[in-house]
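Novice: So here's my_file.cif (mmCIF, N, CA and C atoms).
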data_final
#
loop_
_atom_site.label_atom_id
_atom_site.label_comp_id
_atom_site.auth_asym_id
_atom_site.auth_seq_id
_atom_site.Cartn_x
_atom_site.Cartn_y
_atom_site.Cartn_z
N PHE A 1103 13.70 -81.14 36.30
CA PHE A 1103 14.64 -81.44 35.24
C PHE A 1103 15.91 -82.01 35.86
N PHE A 1104 16.29 -83.19 35.43
CA PHE A 1104 17.49 -83.84 35.93
C PHE A 1104 18.52 -83.96 34.82
N LEU A 1105 19.75 -83.78 35.17
CA LEU A 1105 20.86 -83.98 34.25
C LEU A 1105 20.96 -85.47 33.93
N GLU A 1106 21.14 -85.81 32.67
CA GLU A 1106 21.26 -87.21 32.28
C GLU A 1106 22.65 -87.74 32.64
N ASN A 1107 22.69 -88.88 33.30
CA ASN A 1107 23.94 -89.55 33.69
C ASN A 1107 24.93 -88.65 34.43
N PRO A 1108 24.51 -88.01 35.52
CA PRO A 1108 25.42 -87.12 36.23
C PRO A 1108 26.66 -87.84 36.77
N GLU A 1109 26.57 -89.14 37.02
CA GLU A 1109 27.73 -89.87 37.53
C GLU A 1109 28.85 -89.97 36.50
N GLU A 1110 28.57 -89.63 35.25
CA GLU A 1110 29.59 -89.64 34.20
C GLU A 1110 30.27 -88.28 34.03
N GLN A 1111 29.81 -87.28 34.77
CA GLN A 1111 30.44 -85.96 34.71
C GLN A 1111 31.85 -86.06 35.29
N MET A 1112 32.79 -85.35 34.68
CA MET A 1112 34.18 -85.40 35.12
C MET A 1112 34.41 -84.40 36.25
N LEU A 1113 35.19 -84.81 37.23
CA LEU A 1113 35.53 -83.98 38.38
C LEU A 1113 37.04 -83.99 38.53
N SER A 1114 37.65 -82.81 38.53
CA SER A 1114 39.11 -82.68 38.67
C SER A 1114 39.45 -81.99 39.97
N ILE A 1115 40.47 -82.49 40.63
CA ILE A 1115 40.93 -81.90 41.89
C ILE A 1115 42.39 -81.51 41.74
N PHE A 1116 42.71 -80.29 42.16
CA PHE A 1116 44.07 -79.78 42.26
C PHE A 1116 44.29 -79.48 43.74
N HIS A 1117 45.48 -79.72 44.25
CA HIS A 1117 45.72 -79.44 45.66
C HIS A 1117 47.18 -79.07 45.88
N GLY A 1118 47.46 -78.51 47.03
CA GLY A 1118 48.83 -78.15 47.38
C GLY A 1118 48.94 -77.88 48.86
N PHE A 1119 50.17 -77.65 49.31
CA PHE A 1119 50.41 -77.39 50.71
C PHE A 1119 51.53 -76.37 50.86
N GLU A 1120 51.58 -75.75 52.01
CA GLU A 1120 52.69 -74.90 52.44
C GLU A 1120 52.85 -75.12 53.93
N VAL A 1121 54.06 -75.43 54.34
CA VAL A 1121 54.33 -75.66 55.76
C VAL A 1121 55.60 -74.92 56.12
N GLY A 1122 55.59 -74.30 57.29
CA GLY A 1122 56.76 -73.53 57.72
C GLY A 1122 57.35 -74.06 59.02
N THR A 1123 58.53 -73.57 59.30
CA THR A 1123 59.17 -73.90 60.57
C THR A 1123 58.48 -73.14 61.69
N ALA A 1124 58.70 -73.57 62.91
CA ALA A 1124 58.05 -72.95 64.07
C ALA A 1124 58.36 -71.46 64.17
N ASP A 1125 59.58 -71.06 63.81
CA ASP A 1125 59.95 -69.64 63.90
C ASP A 1125 59.54 -68.84 62.67
N GLY A 1126 58.98 -69.51 61.66
CA GLY A 1126 58.48 -68.82 60.47
C GLY A 1126 59.54 -68.41 59.47
N SER A 1127 60.76 -68.88 59.62
CA SER A 1127 61.84 -68.43 58.74
C SER A 1127 61.97 -69.26 57.46
N TRP A 1128 61.42 -70.44 57.43
CA TRP A 1128 61.63 -71.36 56.32
C TRP A 1128 60.31 -72.01 55.94
N VAL A 1129 60.04 -72.19 54.64
CA VAL A 1129 58.82 -72.86 54.19
C VAL A 1129 59.11 -73.89 53.12
N ALA A 1130 58.28 -74.89 53.08
CA ALA A 1130 58.27 -75.88 51.99
C ALA A 1130 56.90 -75.82 51.35
N ARG A 1131 56.89 -75.95 50.03
CA ARG A 1131 55.63 -75.87 49.28
C ARG A 1131 55.58 -76.97 48.24
N GLY A 1132 54.38 -77.45 47.99
CA GLY A 1132 54.17 -78.43 46.94
C GLY A 1132 52.77 -78.30 46.36
N VAL A 1133 52.66 -78.57 45.08
CA VAL A 1133 51.38 -78.51 44.37
C VAL A 1133 51.26 -79.79 43.55
N SER A 1134 50.06 -80.33 43.45
CA SER A 1134 49.86 -81.62 42.78
C SER A 1134 50.32 -81.61 41.33
N THR A 1135 50.40 -80.45 40.70
CA THR A 1135 50.80 -80.37 39.29
C THR A 1135 52.29 -80.06 39.10
N ASP A 1136 53.02 -79.78 40.17
CA ASP A 1136 54.44 -79.42 40.06
C ASP A 1136 55.32 -80.64 40.24
N ASP A 1137 56.38 -80.71 39.46
CA ASP A 1137 57.31 -81.83 39.56
C ASP A 1137 58.05 -81.84 40.89
N ASP A 1138 58.27 -80.67 41.49
CA ASP A 1138 59.12 -80.59 42.67
C ASP A 1138 58.41 -79.98 43.87
N VAL A 1139 58.74 -80.49 45.04
CA VAL A 1139 58.45 -79.82 46.30
C VAL A 1139 59.64 -78.90 46.52
N THR A 1140 59.38 -77.63 46.84
CA THR A 1140 60.47 -76.68 47.02
C THR A 1140 60.53 -76.20 48.46
N ALA A 1141 61.72 -75.73 48.84
CA ALA A 1141 61.91 -75.20 50.19
C ALA A 1141 62.86 -74.01 50.11
N GLY A 1142 62.67 -73.09 51.04
CA GLY A 1142 63.53 -71.91 51.08
C GLY A 1142 63.05 -70.92 52.12
N PRO A 1143 63.71 -69.78 52.16
CA PRO A 1143 63.34 -68.75 53.15
C PRO A 1143 61.90 -68.28 52.95
N ALA A 1144 61.19 -68.10 54.04
CA ALA A 1144 59.80 -67.64 53.97
C ALA A 1144 59.70 -66.24 53.40
N SER A 1145 60.73 -65.46 53.58
CA SER A 1145 60.71 -64.06 53.13
C SER A 1145 60.96 -63.92 51.63
N GLY A 1146 61.11 -65.02 50.94
CA GLY A 1146 61.42 -64.98 49.51
C GLY A 1146 62.81 -65.52 49.30
N GLY A 1147 63.46 -65.05 48.28
CA GLY A 1147 64.81 -65.52 48.04
C GLY A 1147 64.82 -66.84 47.29
N LYS A 1148 65.99 -67.42 47.20
CA LYS A 1148 66.18 -68.63 46.41
C LYS A 1148 65.50 -69.84 47.07
N ARG A 1149 64.70 -70.53 46.27
CA ARG A 1149 64.05 -71.75 46.72
C ARG A 1149 64.67 -72.89 45.94
N SER A 1150 64.81 -74.03 46.54
CA SER A 1150 65.39 -75.16 45.83
C SER A 1150 64.47 -76.37 45.90
N ALA A 1151 64.58 -77.19 44.85
CA ALA A 1151 63.79 -78.42 44.80
C ALA A 1151 64.36 -79.40 45.81
N VAL A 1152 63.47 -79.96 46.63
CA VAL A 1152 63.92 -80.89 47.66
C VAL A 1152 63.29 -82.27 47.52
N GLY A 1153 62.32 -82.43 46.63
CA GLY A 1153 61.69 -83.73 46.49
C GLY A 1153 60.49 -83.69 45.57
N ASP A 1154 59.67 -84.72 45.66
CA ASP A 1154 58.48 -84.82 44.82
C ASP A 1154 57.25 -85.09 45.68
N MET A 1155 56.09 -85.10 45.04
CA MET A 1155 54.85 -85.37 45.75
C MET A 1155 54.01 -86.37 44.95
N MET A 1156 53.38 -87.27 45.65
CA MET A 1156 52.47 -88.24 45.06
C MET A 1156 51.13 -88.12 45.78
N THR A 1157 50.05 -88.26 45.04
CA THR A 1157 48.71 -88.28 45.62
C THR A 1157 48.17 -89.69 45.53
N ARG A 1158 47.71 -90.21 46.65
CA ARG A 1158 47.14 -91.56 46.72
C ARG A 1158 45.67 -91.44 47.11
N ILE A 1159 44.83 -92.14 46.38
CA ILE A 1159 43.39 -92.11 46.66
C ILE A 1159 43.02 -93.43 47.34
N ILE A 1160 42.35 -93.31 48.48
CA ILE A 1160 41.97 -94.50 49.24
C ILE A 1160 40.49 -94.46 49.61
N ARG A 1161 39.95 -95.63 49.92
CA ARG A 1161 38.59 -95.77 50.44
C ARG A 1161 38.62 -95.52 51.95
N PRO A 1162 37.47 -95.38 52.58
CA PRO A 1162 37.44 -95.20 54.04
C PRO A 1162 38.13 -96.33 54.81
N ASP A 1163 38.19 -97.53 54.23
CA ASP A 1163 38.87 -98.64 54.92
C ASP A 1163 40.38 -98.65 54.71
N GLY A 1164 40.89 -97.69 53.93
CA GLY A 1164 42.33 -97.58 53.70
C GLY A 1164 42.83 -98.28 52.46
N SER A 1165 41.98 -99.03 51.77
CA SER A 1165 42.41 -99.71 50.55
C SER A 1165 42.47 -98.73 49.38
N SER A 1166 43.30 -99.03 48.40
CA SER A 1166 43.46 -98.16 47.23
C SER A 1166 42.17 -98.08 46.43
N CYS A 1167 41.95 -96.93 45.81
CA CYS A 1167 40.76 -96.73 45.00
C CYS A 1167 41.14 -95.98 43.73
N ALA A 1168 40.82 -96.53 42.59
CA ALA A 1168 41.19 -95.92 41.31
C ALA A 1168 40.17 -94.87 40.89
N VAL A 1169 40.69 -93.73 40.48
CA VAL A 1169 39.92 -92.65 39.88
C VAL A 1169 40.65 -92.31 38.58
N GLY A 1170 39.94 -92.30 37.48
CA GLY A 1170 40.60 -92.05 36.20
C GLY A 1170 41.61 -93.14 35.86
N GLY A 1171 41.39 -94.35 36.36
CA GLY A 1171 42.23 -95.47 36.03
C GLY A 1171 43.44 -95.69 36.92
N LYS A 1172 43.65 -94.83 37.92
CA LYS A 1172 44.79 -95.03 38.81
C LYS A 1172 44.49 -94.53 40.21
N SER A 1173 45.16 -95.14 41.18
CA SER A 1173 44.99 -94.72 42.57
C SER A 1173 46.17 -93.89 43.06
N GLU A 1174 47.28 -93.89 42.32
CA GLU A 1174 48.45 -93.09 42.67
C GLU A 1174 48.75 -92.13 41.53
N TRP A 1175 48.83 -90.85 41.86
CA TRP A 1175 49.03 -89.80 40.87
C TRP A 1175 50.29 -89.01 41.18
N MET A 1176 51.21 -88.96 40.24
CA MET A 1176 52.39 -88.10 40.32
C MET A 1176 52.07 -86.82 39.55
N ALA A 1177 52.94 -85.82 39.66
CA ALA A 1177 52.70 -84.53 39.00
C ALA A 1177 52.49 -84.69 37.49
N ALA A 1178 53.30 -85.54 36.87
CA ALA A 1178 53.18 -85.73 35.41
C ALA A 1178 51.79 -86.24 35.03
N ASP A 1179 51.16 -87.00 35.92
CA ASP A 1179 49.83 -87.55 35.65
C ASP A 1179 48.72 -86.54 35.90
N SER A 1180 49.00 -85.54 36.71
CA SER A 1180 47.92 -84.66 37.19
C SER A 1180 48.00 -83.24 36.67
N GLN A 1181 48.61 -83.03 35.51
CA GLN A 1181 48.72 -81.69 34.96
C GLN A 1181 47.37 -81.05 34.69
N LEU A 1182 46.38 -81.85 34.35
CA LEU A 1182 45.02 -81.34 34.12
C LEU A 1182 44.12 -81.64 35.31
N GLY A 1183 44.73 -81.95 36.44
CA GLY A 1183 43.99 -82.27 37.65
C GLY A 1183 43.93 -83.77 37.86
N ILE A 1184 43.64 -84.16 39.07
CA ILE A 1184 43.40 -85.57 39.40
C ILE A 1184 41.94 -85.78 39.02
N THR A 1185 41.74 -86.44 37.90
CA THR A 1185 40.45 -86.40 37.22
C THR A 1185 39.81 -87.77 37.09
N GLY A 1186 38.55 -87.83 37.42
CA GLY A 1186 37.74 -89.03 37.23
C GLY A 1186 36.29 -88.64 37.18
N THR A 1187 35.44 -89.61 36.97
CA THR A 1187 34.01 -89.32 36.93
C THR A 1187 33.47 -89.14 38.36
N LEU A 1188 32.37 -88.45 38.47
CA LEU A 1188 31.71 -88.31 39.77
C LEU A 1188 31.41 -89.68 40.35
N GLY A 1189 31.01 -90.61 39.50
CA GLY A 1189 30.72 -91.96 39.95
C GLY A 1189 31.95 -92.64 40.56
N GLU A 1190 33.13 -92.43 39.97
CA GLU A 1190 34.36 -93.01 40.52
C GLU A 1190 34.69 -92.40 41.88
N TRP A 1191 34.59 -91.07 41.98
CA TRP A 1191 34.87 -90.41 43.27
C TRP A 1191 33.90 -90.90 44.34
N LEU A 1192 32.62 -90.99 44.00
CA LEU A 1192 31.64 -91.47 44.98
C LEU A 1192 31.89 -92.92 45.38
N ALA A 1193 32.29 -93.76 44.40
CA ALA A 1193 32.59 -95.16 44.70
C ALA A 1193 33.73 -95.26 45.71
N CYS A 1194 34.71 -94.35 45.61
CA CYS A 1194 35.81 -94.35 46.58
C CYS A 1194 35.30 -94.03 47.99
N ALA A 1195 34.20 -93.31 48.07
CA ALA A 1195 33.59 -93.00 49.37
C ALA A 1195 32.62 -94.09 49.81
N GLY A 1196 32.37 -95.06 48.92
CA GLY A 1196 31.47 -96.16 49.28
C GLY A 1196 30.01 -95.87 49.04
N VAL A 1197 29.71 -94.89 48.18
CA VAL A 1197 28.32 -94.56 47.89
C VAL A 1197 28.12 -94.42 46.38
N THR A 1198 26.86 -94.35 45.98
CA THR A 1198 26.49 -94.02 44.60
C THR A 1198 25.43 -92.93 44.68
N LEU A 1199 25.04 -92.42 43.54
CA LEU A 1199 23.96 -91.43 43.53
C LEU A 1199 22.63 -92.05 43.94
N ASP A 1200 22.54 -93.38 43.91
CA ASP A 1200 21.31 -94.07 44.30
C ASP A 1200 21.31 -94.51 45.76
N THR A 1201 22.36 -94.16 46.50
CA THR A 1201 22.41 -94.50 47.93
C THR A 1201 21.30 -93.77 48.68
N ASP A 1202 20.64 -94.49 49.56
CA ASP A 1202 19.62 -93.90 50.43
C ASP A 1202 20.35 -93.12 51.53
N PRO A 1203 20.14 -91.82 51.64
CA PRO A 1203 20.87 -91.03 52.64
C PRO A 1203 20.63 -91.50 54.08
N ARG A 1204 19.51 -92.16 54.33
CA ARG A 1204 19.24 -92.64 55.69
C ARG A 1204 20.19 -93.76 56.10
N THR A 1205 20.81 -94.44 55.11
CA THR A 1205 21.80 -95.47 55.45
C THR A 1205 23.12 -94.83 55.89
N LEU A 1206 23.33 -93.57 55.56
CA LEU A 1206 24.56 -92.88 55.94
C LEU A 1206 24.46 -92.23 57.30
N ASN A 1207 23.24 -91.87 57.68
CA ASN A 1207 23.00 -91.24 58.98
C ASN A 1207 21.62 -91.68 59.46
N PRO A 1208 21.58 -92.61 60.40
CA PRO A 1208 20.28 -93.12 60.86
C PRO A 1208 19.41 -92.08 61.54
N ASP A 1209 19.96 -90.94 61.92
CA ASP A 1209 19.17 -89.90 62.57
C ASP A 1209 18.42 -89.01 61.58
N MET A 1210 18.59 -89.25 60.28
CA MET A 1210 17.88 -88.44 59.29
C MET A 1210 16.40 -88.77 59.33
N PRO A 1211 15.56 -87.78 59.09
CA PRO A 1211 14.11 -88.03 59.10
C PRO A 1211 13.69 -88.99 57.99
N GLN A 1212 12.66 -89.78 58.27
CA GLN A 1212 12.16 -90.74 57.28
C GLN A 1212 11.58 -90.06 56.05
N ALA A 1213 11.19 -88.79 56.17
CA ALA A 1213 10.61 -88.05 55.05
C ALA A 1213 11.68 -87.56 54.07
N MET A 1214 12.92 -87.93 54.30
CA MET A 1214 14.04 -87.51 53.45
C MET A 1214 13.89 -88.13 52.06
N ALA A 1215 14.44 -87.45 51.05
CA ALA A 1215 14.44 -88.00 49.70
C ALA A 1215 15.11 -89.38 49.72
N PRO A 1216 14.67 -90.30 48.87
CA PRO A 1216 15.16 -91.68 48.95
C PRO A 1216 16.55 -91.93 48.36
N HIS A 1217 17.08 -90.95 47.62
CA HIS A 1217 18.39 -91.14 46.99
C HIS A 1217 19.20 -89.84 47.03
N LEU A 1218 20.51 -89.98 47.08
CA LEU A 1218 21.36 -88.79 47.03
C LEU A 1218 21.10 -87.99 45.76
N ARG A 1219 20.85 -88.66 44.64
CA ARG A 1219 20.66 -87.95 43.37
C ARG A 1219 19.44 -87.03 43.38
N THR A 1220 18.46 -87.31 44.22
CA THR A 1220 17.26 -86.47 44.23
C THR A 1220 17.24 -85.46 45.37
N MET A 1221 18.18 -85.55 46.30
CA MET A 1221 18.17 -84.61 47.43
C MET A 1221 19.30 -83.60 47.36
N GLY A 1222 20.35 -83.90 46.62
CA GLY A 1222 21.54 -83.05 46.62
C GLY A 1222 22.41 -83.39 47.81
N PHE A 1223 23.68 -83.09 47.71
CA PHE A 1223 24.62 -83.40 48.79
C PHE A 1223 25.90 -82.61 48.59
N ALA A 1224 26.68 -82.54 49.63
CA ALA A 1224 28.01 -81.92 49.56
C ALA A 1224 29.03 -83.04 49.68
N MET A 1225 30.08 -82.96 48.89
CA MET A 1225 31.14 -83.95 48.95
C MET A 1225 32.38 -83.29 49.54
N GLN A 1226 32.91 -83.88 50.60
CA GLN A 1226 34.13 -83.36 51.23
C GLN A 1226 35.25 -84.36 51.00
N VAL A 1227 36.43 -83.82 50.67
CA VAL A 1227 37.60 -84.66 50.45
C VAL A 1227 38.63 -84.28 51.51
N LEU A 1228 39.06 -85.26 52.29
CA LEU A 1228 40.07 -85.05 53.32
C LEU A 1228 41.44 -85.25 52.70
N LEU A 1229 42.34 -84.29 52.88
CA LEU A 1229 43.71 -84.38 52.38
C LEU A 1229 44.64 -84.54 53.57
N ASP A 1230 45.43 -85.60 53.57
CA ASP A 1230 46.37 -85.88 54.65
C ASP A 1230 47.77 -85.94 54.06
N TYR A 1231 48.60 -84.93 54.38
CA TYR A 1231 49.96 -84.85 53.85
C TYR A 1231 50.94 -85.44 54.84
N THR A 1232 51.82 -86.31 54.36
CA THR A 1232 52.92 -86.85 55.17
C THR A 1232 54.20 -86.73 54.36
N ASN A 1233 55.32 -86.76 55.04
CA ASN A 1233 56.59 -86.63 54.33
C ASN A 1233 57.71 -87.37 55.06
N THR A 1234 58.78 -87.58 54.32
CA THR A 1234 59.99 -88.10 54.95
C THR A 1234 60.64 -86.95 55.71
N ARG A 1235 61.49 -87.26 56.64
CA ARG A 1235 62.14 -86.22 57.44
C ARG A 1235 62.87 -85.20 56.57
N ALA A 1236 63.51 -85.65 55.52
CA ALA A 1236 64.25 -84.75 54.63
C ALA A 1236 63.33 -84.03 53.64
N MET A 1237 62.03 -84.35 53.68
CA MET A 1237 61.03 -83.76 52.80
C MET A 1237 61.29 -84.08 51.33
N ASN A 1238 62.06 -85.17 51.06
CA ASN A 1238 62.34 -85.48 49.66
C ASN A 1238 61.21 -86.25 48.99
N HIS A 1239 60.21 -86.66 49.77
CA HIS A 1239 59.02 -87.28 49.19
C HIS A 1239 57.83 -86.94 50.08
N VAL A 1240 56.83 -86.29 49.49
CA VAL A 1240 55.60 -85.95 50.19
C VAL A 1240 54.49 -86.79 49.60
N GLU A 1241 53.66 -87.34 50.45
CA GLU A 1241 52.53 -88.11 50.00
C GLU A 1241 51.25 -87.47 50.53
N CYS A 1242 50.30 -87.26 49.63
CA CYS A 1242 48.99 -86.77 50.02
C CYS A 1242 48.01 -87.91 49.83
N THR A 1243 47.32 -88.26 50.90
CA THR A 1243 46.30 -89.29 50.84
C THR A 1243 44.94 -88.62 50.84
N MET A 1244 44.11 -88.98 49.88
CA MET A 1244 42.75 -88.44 49.77
C MET A 1244 41.77 -89.56 50.06
#
Output the file's structure in the form of structure tokens.

Specialist:
Amino acid sequence: FFLENPEEQMLSIFHGFEVGTADGSWVARGVSTDDDVTAGPASGGKRSAVGDMMTRIIRPDGSSCAVGGKSEWMAADSQLGITGTLGEWLACAGVTLDTDPRTLNPDMPQAMAPHLRTMGFAMQVLLDYTNTRAMNHVECTM
């Protein structure tokens, strides 16, 4: 039994980060759904908004890739997650459900299923966070 049109299923991603100083006294935090990146004492206490975060979706070659109609997502856009179809996410990786897995790894046995849709697979998303020195703008590249 196969699901009909699985590439049309919606997939939402939420992400965030926390980074501290070397001595552990100060942390900055950001979440894809929050308007502000905040910073303050690691032990608690008052935290203040120091900037914003944008998520950019790219292909393996570094070019922009649209998911849900856009390749750049700000917090206001991602309140319900960075959302697109499975087919859009896979296209950003350069594959479809009909891709022959042997084209992705030539060491796979020839007896392998002929398509990703019939063999199953795991999808990994790499998140790379960068920021300005003042941390007033954080960019996450997926």

Novice: Check what the PyMOL selection byres ((chain A and resi 1177) around 6) selects in the file above and give those residues as a ChimeraX atom specification.

Specialist: /A:1134-1137,1155-1156,1175-1176,1178-1181

Novice: Given only C-alpha atoms, how would the per-residue table for segment 1131-1199 of chain A near segment 1213-1230 of chain A read, listing every residue at most 12 Å away with its closest atom pair and distance in Å to one decimal, sorted by chain and number, as JSON lines?

Specialist:
{"residue": "A:Ser1134", "atom": "CA", "partner": "A:Leu1229", "partner_atom": "CA", "distance": 11.7}
{"residue": "A:Met1156", "atom": "CA", "partner": "A:Asp1230", "partner_atom": "CA", "distance": 11.6}
{"residue": "A:Thr1157", "atom": "CA", "partner": "A:Leu1229", "partner_atom": "CA", "distance": 9.3}
{"residue": "A:Arg1158", "atom": "CA", "partner": "A:Leu1229", "partner_atom": "CA", "distance": 9.8}
{"residue": "A:Ile1159", "atom": "CA", "partner": "A:Leu1229", "partner_atom": "CA", "distance": 9.6}
{"residue": "A:Ile1160", "atom": "CA", "partner": "A:Leu1228", "partner_atom": "CA", "distance": 10.5}
{"residue": "A:Arg1161", "atom": "CA", "partner": "A:Val1227", "partner_atom": "CA", "distance": 11.2}
{"residue": "A:Pro1162", "atom": "CA", "partner": "A:Leu1228", "partner_atom": "CA", "distance": 10.5}
{"residue": "A:Leu1188", "atom": "CA", "partner": "A:Met1225", "partner_atom": "CA", "distance": 10.2}
{"residue": "A:Gly1189", "atom": "CA", "partner": "A:Arg1219", "partner_atom": "CA", "distance": 11.4}
{"residue": "A:Trp1191", "atom": "CA", "partner": "A:Met1225", "partner_atom": "CA", "distance": 9.4}
{"residue": "A:Leu1192", "atom": "CA", "partner": "A:Met1225", "partner_atom": "CA", "distance": 8.5}
{"residue": "A:Cys1194", "atom": "CA", "partner": "A:Val1227", "partner_atom": "CA", "distance": 10.6}
{"residue": "A:Ala1195", "atom": "CA", "partner": "A:Val1227", "partner_atom": "CA", "distance": 9.3}
{"residue": "A:Val1197", "atom": "CA", "partner": "A:Leu1218", "partner_atom": "CA", "distance": 9.1}
{"residue": "A:Thr1198", "atom": "CA", "partner": "A:Leu1218", "partner_atom": "CA", "distance": 7.7}
{"residue": "A:Leu1199", "atom": "CA", "partner": "A:Arg1219", "partner_atom": "CA", "distance": 4.8}

Novice: Atom CA of Met1210 of chain A and atom CA of Ser1165 of chain A, how far apart in Å?

Specialist: 28.4 Å

Novice: Could you state the separation of atom CA of Thr1205 of chain A and atom CA of Asp1163 of chain A in Å, given to one decimal place?

Specialist: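 Calculated distance between atom CA of Thr1205 of chain A and atom CA of Asp1163 of chain A is 17.4 Å.
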
Novice: Looking at A:Thr1123, A:Pro1211, A:Val1139, A:Val1169, which one is nearest to Ile1184 of chain A, with distances taken over only C-alpha atoms?

Specialist: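 Closest residue, counting only C-alpha atoms: A:Val1169.
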
Novice: So that I can check the surroundings of Leu1182 of chain A, please list as JSON, numbers by chain every protein, DNA and RNA residue that reaches within 9 Å of it, counting only C-alpha atoms and ignoring chain neighbours fewer than 4 positions away.

Specialist: {"A": [1114, 1115, 1116, 1135]}

Novice: Point out the residue among A:Asp1154, A:Gln1212, A:Gly1170, A:Pro1108 with the least atom-to-atom distance to Val1240 of chain A, counting all atoms listed in the file.

Specialist: A:Asp1154

Novice: Find the residue from A:Gly1164, A:Gly1122, A:Gly1142, A:Gly1171 that sits nearest to Thr1187 of chain A; use only N, CA and C atoms when measuring.

Specialist: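 The shortest atom-to-atom distance to Thr1187 of chain A comes from A:Gly1171.
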